[in-house]
Amino acid sequence: MTYHLGYWSVALYVASFFCYARILYAAHVWLERAASLLLGGGILLQYFALLERSKWIHTVPYNDLYGSMSLFAWLLGITYLGLEIFHRQRTVGAFVTFLLVVWMVLLEALAPNEVPAPPPARGPLFAFHVTLNTWAYAAFALSFVLSLIYLVQDRVLRSRRLGTPFWRFPALDVLDRMARSSVYVGLGALSLGVVMGLVWQHRLSGGYSWGDPKVVVTLAILVLYAAYLRLSRNASWRGARAALLCAMNFVIVLFSYTIVNFYFTKFHRFF
Amino acid sequence: MATPSRAERGGATKIRVAVVGCNHRTAPVEFRERVSFSPEQAVDAAGELRKRGILEEAVVLSTCNRSELYGVPWETGPAAAEAMETFFTSFHQIPREELNGRLYRWSDADAVRHLYRVAAGLDSMMLGEAEILGQLRTAYNQALEHGSTGPVLNRMFQGAIEVGKRVRAETEVGARPMSVALAGVKLAERVFGNLKGHSALIVGAGAVAEQVVEHLQNRGIGTVRVVNRSYDRAAELAKKIGGEAVAWESLASVVGVPDILVASVGGTGPVLTREMLERAIAARNGRPVFVVDLGVPRNVAADAGGLYNLYLYNIDDLGEIVEQNKKSREAEIPQAEALIAEHLAKFEAWRAAIEASSIVDDLRDNFHKHREMLIREKLAEMKDVSPDERDRIAHITEELIERVLEQPAQKMRQGGRMRGHLAGLDALRHLFGLDEEKD
């Protein structure tokens with residue numbers, strides 16, 4: 001049943017992508033609404049799929065690759081939809097939904113046949129810790145996409161070779177604001193997630209593992225994104241340089257989400 | 001003289017539409033000036049066309065690039081267009097020999113297609129321009145208010161407005177800027193998004209700069225300052241646009257304030273140097289500046305284009321963008337034509353359904369006429385038939401006709417499928433002599 005819901009959510013994401021891609025070519029009020037509704041529908045179906053999985057393992061999906069990636073994709077979709085509504089800007093949708101579709105197709109290909117075993121770490125505090133941190137990564141991924149679009153748009157404006165989608169792309173100012181909003185969401189979620197993780201660890205062991213590579217890299221991510229927010233207001237960094245910094249920061253996020261999880265950390269070794 | 005109704009004229013069963021007019025392609029501006037209709041004249045002309053029995057429904061569309069009479073003529077064939085053309089020339093007191101092929105005539109589907117192309121901006125001087133749709137809507141609403149439209153033109157013009165909207169929404173025909181001034185403003189929007197509350201500085205008071213200001217103001221730009229070598233000219237333009245005039249000597253001090261800089265000063269060299277603009281960006285705490293250099297020779301130092309967060313476009317850059325856009329708009333024509341064809345098919349289906357339903361009515365009238373003649377003739381020979389039996393015979397023959405016509409009437413109501421059978425309907429009409437009887 002879960003996989004059926006997963007397939008349906010992928011189908012809705014694909015349909016949403018086509019609508020968003022079409023409005024990049026030519027504006028159409030109904031298609032714009034349909035794109036958002038389809039994305040919302042996909043998110044809703046994926047929520048039920050995740051809920052079912054959570055019931056099996058008695059916590060949020062984080063311990064296996066499928067569950068963790070699925071949670072990430074779902075939070076990415078939610079964050080984007082929130083930003084779309086807040087900034088009233090749909091032209092980035094094609095890029096975000098494309099990312100979602102690729103991610104979800106990979107996910108469905110990886111979907112395990114057997115029901116995963118419940119992981120050892122559970123509880124509401126831990127669930128919030130995992131969800132908030134994954135949400136932060138999803139928000140940073142979104143800021144990465146927005147920053148890349150900013151850099152492309154800036155390059156196109158300077159090269160003066162303007163293609164069809166150029167006229168439909170969001171303005172630099174809008175992209176900048178959306179990227180910053182996304183980073184604000186990410187920083188807020190990550191800060192809260194880290195605090196919850198520390199509280200949870202203190203309850204379990206009575207201490208903190210400040211030396212764990214995952215904790216170190218996470219704190220570095222917090223500092224780098226905070227620096228981005230500060231520098232994006234600075235005279236000599238504002239604009240393309242800040243967008244480049246934002247995009248580069250995501251490399252560290254990817255490093256933390258993959259290499260650190262797989263090889264370095266002692267107690268954040270998921271998947 | 002009261003206009004005869006359709007019924008009084010024998011219920012014309014073919015729905016005809018026609019257009020007569022001229023545009024920028026067929027007539028020079030001197031001629032178009034002479035044949036243009038003011039809004040009052042358009043109302044009078046439409047009323048007169050109906051009053052004289054030339055058109056049953058009429059709409060006059062008159063813009064700077066076209067003057068056209070649209071209508072549903074009473075007459076069929078070339079006579080209707082001839083009458084419209086005669087009216088057109090007599091209304092404007094133009095000798096017919098001056099026409100010299102400047103007026104075009106379209107009828108039926110071609111007339112509808114023409115109107116749809118006009119609404120879509122495909123027949124405009126500037127391909128895809130949006131203004132024509134508003135002008136068309138105004139002309140139609142005016143005719144509607146004065147009662148000179150009817151079901152046919154209502155359907156046709158409402159369809160045209162829908163086509164115009166769809167073409168602009170679903171294709172790129174009208175999307176990209178086609179003038180240097182608008183291209184500059186649209187590019188500024190790519191940097192700042194909504195221009196509301198942003199500020200602009202106009203350096204020089206040339207005609208193109210004035211156009212840029214107009215586009216900026218249409219988008220709700222905030223403060224506009226004007227700097228010119230002649231302060232009087234700056235003050236004049238500032239007054240006109242509701243801006244603020246600044247002395248030429250203060251240029252260096254005000255250049256760091258605006259988000260958008262438009263330069264169009266006549267002269268020999270750059271008036272805005274790299275150093276000035278560098279200081280301006282620093283004064284703005286690094287916020288981007290969009291600079292449009294409309295001057296020839298250039299008003300902005302070329303090396304300023306490399307400054308961080310400064311977006312510089314000169315007249316050639318904008319000209320090239322306009323050229324690219326023209327080509328892109330032209331590439332969208334087939335898609336726009338496809339939308340027009342779709343709506344034309346809808347109109348033709350509606351027309352076919354109306355015509356088809358009227359043919360059944362005509363057949364019914366024809367059969368009843370023959371039935372009455374036959375009964376009168378035969379019953380005259382049958383002396384022993386009682387009045388009750390006569391009534392029964394009359395009733396049975398009436399019912400027979402209704403039963404015979406029941407199925408065709410149902411099929412005719414399926415208008416969408418009847419469009420391909422229009423020629424067949426004409427044949428049927430000819431076969432039963434319905435045309436002759438109406439004439």
# chains A, B, ... in the order shown; residues from 1 in each chain; ligands from 1

$ interface_residues --of "chain A" --to "chain B" --cutoff "12 Å" --atoms "only C-alpha atoms" --output "ChimeraX atom specification"
/A:22-32,87-89,150,153-177,231-242

$ select_by_dssp --residues "range 23-226 of chain A" --states "alpha helix (DSSP H)" --output "VMD selection string"
chain A and resid 23 to 25 29 to 57 65 to 87 93 to 110 124 to 159 172 to 205 213 to 226

$ select_by_dssp --residues "range 179-363 of chain B" --states "strand (DSSP E or B)" --output "PyMOL selection string"
chain B and resi 196+200-203+221+224-227+244-246+260-263+272+289-293+300+310-314

$ residues_around --residues "range 223-227 of chain B" --least-positions-apart "2" --cutoff "8 Å" --atoms "only C-alpha atoms" --output "VMD selection string"
chain B and resid 197 to 205 221 229 231 234 to 235 237 to 238 242 to 248 251

$ write_last_selection --atoms "N, CA and C atoms" --output "CSV table (one decimal), in the first residue's frame"
chain,number,residue,atom,x,y,z
B,197,GLY,N,8.0,51.5,-6.0
B,197,GLY,CA,8.8,52.0,-4.9
B,197,GLY,C,10.3,52.2,-5.2
B,198,HIS,N,10.7,51.7,-6.4
B,198,HIS,CA,12.1,51.9,-6.8
B,198,HIS,C,12.2,53.3,-7.3
B,199,SER,N,13.5,53.7,-7.5
B,199,SER,CA,13.7,55.1,-8.0
B,199,SER,C,14.5,55.1,-9.3
B,200,ALA,N,14.3,56.2,-10.0
B,200,ALA,CA,15.0,56.3,-11.3
B,200,ALA,C,15.6,57.6,-11.5
B,201,LEU,N,16.7,57.7,-12.2
B,201,LEU,CA,17.4,59.0,-12.5
B,201,LEU,C,17.5,59.0,-14.0
B,202,ILE,N,16.9,60.1,-14.6
B,202,ILE,CA,16.9,60.2,-16.1
B,202,ILE,C,18.0,61.3,-16.4
B,203,VAL,N,19.1,60.9,-17.0
B,203,VAL,CA,20.1,61.8,-17.4
B,203,VAL,C,19.9,62.2,-18.9
B,204,GLY,N,19.5,63.5,-19.1
B,204,GLY,CA,19.2,63.9,-20.5
B,204,GLY,C,17.7,63.8,-20.6
B,205,ALA,N,17.1,64.5,-21.5
B,205,ALA,CA,15.7,64.6,-21.6
B,205,ALA,C,15.2,64.3,-23.1
B,221,ILE,N,6.7,53.0,-10.7
B,221,ILE,CA,8.1,53.5,-10.2
B,221,ILE,C,7.9,54.6,-9.1
B,229,ARG,N,21.5,69.0,-19.2
B,229,ARG,CA,22.4,70.2,-19.3
B,229,ARG,C,21.6,71.5,-19.2
B,231,TYR,N,18.7,73.1,-17.5
B,231,TYR,CA,17.8,72.9,-16.4
B,231,TYR,C,16.4,73.1,-16.7
B,234,ALA,N,15.0,70.1,-18.2
B,234,ALA,CA,14.8,69.1,-17.1
B,234,ALA,C,13.6,69.4,-16.3
B,235,ALA,N,13.4,70.7,-16.0
B,235,ALA,CA,12.2,71.1,-15.2
B,235,ALA,C,11.0,70.8,-16.0
B,237,LEU,N,10.4,68.5,-18.4
B,237,LEU,CA,10.1,67.0,-18.4
B,237,LEU,C,9.7,66.6,-17.0
B,238,ALA,N,10.4,67.1,-16.0
B,238,ALA,CA,10.0,66.7,-14.6
B,238,ALA,C,8.6,67.0,-14.3
B,242,GLY,N,5.8,64.4,-13.4
B,242,GLY,CA,5.6,64.4,-11.9
B,242,GLY,C,6.8,64.1,-11.2
B,243,GLY,N,8.0,64.4,-11.8
B,243,GLY,CA,9.3,64.1,-11.1
B,243,GLY,C,9.9,65.3,-10.5
B,244,GLU,N,11.2,65.1,-10.4
B,244,GLU,CA,12.0,66.2,-9.7
B,244,GLU,C,13.2,66.6,-10.6
B,245,ALA,N,13.3,67.9,-10.9
B,245,ALA,CA,14.5,68.3,-11.7
B,245,ALA,C,15.7,68.6,-10.8
B,246,VAL,N,16.9,68.2,-11.4
B,246,VAL,CA,18.1,68.3,-10.6
B,246,VAL,C,19.1,69.1,-11.5
B,247,ALA,N,19.9,70.0,-10.9
B,247,ALA,CA,20.9,70.7,-11.7
B,247,ALA,C,22.0,69.8,-12.2
B,248,TRP,N,22.5,70.1,-13.4
B,248,TRP,CA,23.5,69.3,-14.0
B,248,TRP,C,24.7,69.1,-13.1
B,251,LEU,N,24.9,66.2,-10.7
B,251,LEU,CA,24.8,64.8,-11.2
B,251,LEU,C,25.6,63.8,-10.3

$ closest_residue --among "B:Ala183, B:Met178, B:Cys64, B:Val19" --to "Tyr104 in chain B" --atoms "only C-alpha atoms"
B:Val19

$ residues_around --residues "range 386-394 of chain B" --least-positions-apart "5" --cutoff "10 Å" --atoms "only C-alpha atoms" --output "number ranges by chain"
B: 371-372, 375-376, 379, 399-400

$ atom_distance --atom1 "CA of Glu48 in chain B" --atom2 "CA of Val17 in chain B"
17.4 Å

$ residues_around --residues "range 217-221 of chain A" --least-positions-apart "6" --cutoff "8 Å" --atoms "only C-alpha atoms" --output "VMD selection string"
chain A and resid 249 252 to 253 256

$ decode --residues "range 128-192 of chain A" --atoms "C-alpha atoms" --output "tab-separated table (two decimals), in the first residue's frame"
chain	number	residue	atom	x	y	z
A	128	PHE	CA	11.72	16.00	16.24
A	129	HIS	CA	15.54	16.04	16.19
A	130	VAL	CA	15.64	13.92	13.04
A	131	THR	CA	12.74	15.66	11.31
A	132	LEU	CA	14.07	19.16	12.01
A	133	ASN	CA	17.58	18.31	10.84
A	134	THR	CA	16.28	16.69	7.67
A	135	TRP	CA	14.04	19.71	7.12
A	136	ALA	CA	17.12	21.94	7.46
A	137	TYR	CA	18.95	19.91	4.82
A	138	ALA	CA	15.92	20.13	2.52
A	139	ALA	CA	15.75	23.92	3.00
A	140	PHE	CA	19.47	24.23	2.27
A	141	ALA	CA	18.97	22.12	-0.86
A	142	LEU	CA	16.29	24.55	-1.94
A	143	SER	CA	18.53	27.55	-1.28
A	144	PHE	CA	21.18	25.77	-3.37
A	145	VAL	CA	18.78	25.46	-6.32
A	146	LEU	CA	17.69	29.08	-5.97
A	147	SER	CA	21.28	30.27	-5.78
A	148	LEU	CA	22.20	28.33	-8.89
A	149	ILE	CA	19.29	29.90	-10.77
A	150	TYR	CA	20.44	33.29	-9.49
A	151	LEU	CA	23.94	32.69	-10.83
A	152	VAL	CA	22.61	31.56	-14.22
A	153	GLN	CA	20.23	34.52	-14.41
A	154	ASP	CA	23.01	36.92	-13.47
A	155	ARG	CA	25.27	35.43	-16.13
A	156	VAL	CA	22.53	35.64	-18.77
A	157	LEU	CA	21.83	39.28	-17.87
A	158	ARG	CA	25.51	40.12	-18.22
A	159	SER	CA	25.97	38.17	-21.45
A	160	ARG	CA	22.87	39.86	-22.93
A	161	ARG	CA	21.90	36.62	-24.70
A	162	LEU	CA	18.38	36.20	-23.48
A	163	GLY	CA	16.47	33.03	-24.36
A	164	THR	CA	12.74	32.34	-24.01
A	165	PRO	CA	12.74	31.12	-20.38
A	166	PHE	CA	14.76	34.20	-19.33
A	167	TRP	CA	11.72	36.43	-19.51
A	168	ARG	CA	9.78	34.04	-17.25
A	169	PHE	CA	12.51	33.50	-14.69
A	170	PRO	CA	12.10	35.23	-11.35
A	171	ALA	CA	13.93	38.51	-10.93
A	172	LEU	CA	17.32	38.45	-9.23
A	173	ASP	CA	15.88	40.27	-6.25
A	174	VAL	CA	13.12	37.65	-5.85
A	175	LEU	CA	15.60	34.77	-6.14
A	176	ASP	CA	17.83	36.43	-3.57
A	177	ARG	CA	14.94	36.87	-1.13
A	178	MET	CA	13.69	33.32	-1.70
A	179	ALA	CA	17.15	31.86	-1.14
A	180	ARG	CA	17.54	33.84	2.06
A	181	SER	CA	14.08	32.79	3.28
A	182	SER	CA	15.05	29.19	2.61
A	183	VAL	CA	18.28	29.58	4.56
A	184	TYR	CA	16.38	31.20	7.44
A	185	VAL	CA	14.09	28.14	7.51
A	186	GLY	CA	17.11	25.83	7.35
A	187	LEU	CA	19.04	27.64	10.06
A	188	GLY	CA	16.01	27.76	12.35
A	189	ALA	CA	15.27	24.06	11.86
A	190	LEU	CA	18.90	23.03	12.23
A	191	SER	CA	19.43	25.07	15.41
A	192	LEU	CA	16.32	23.63	17.00
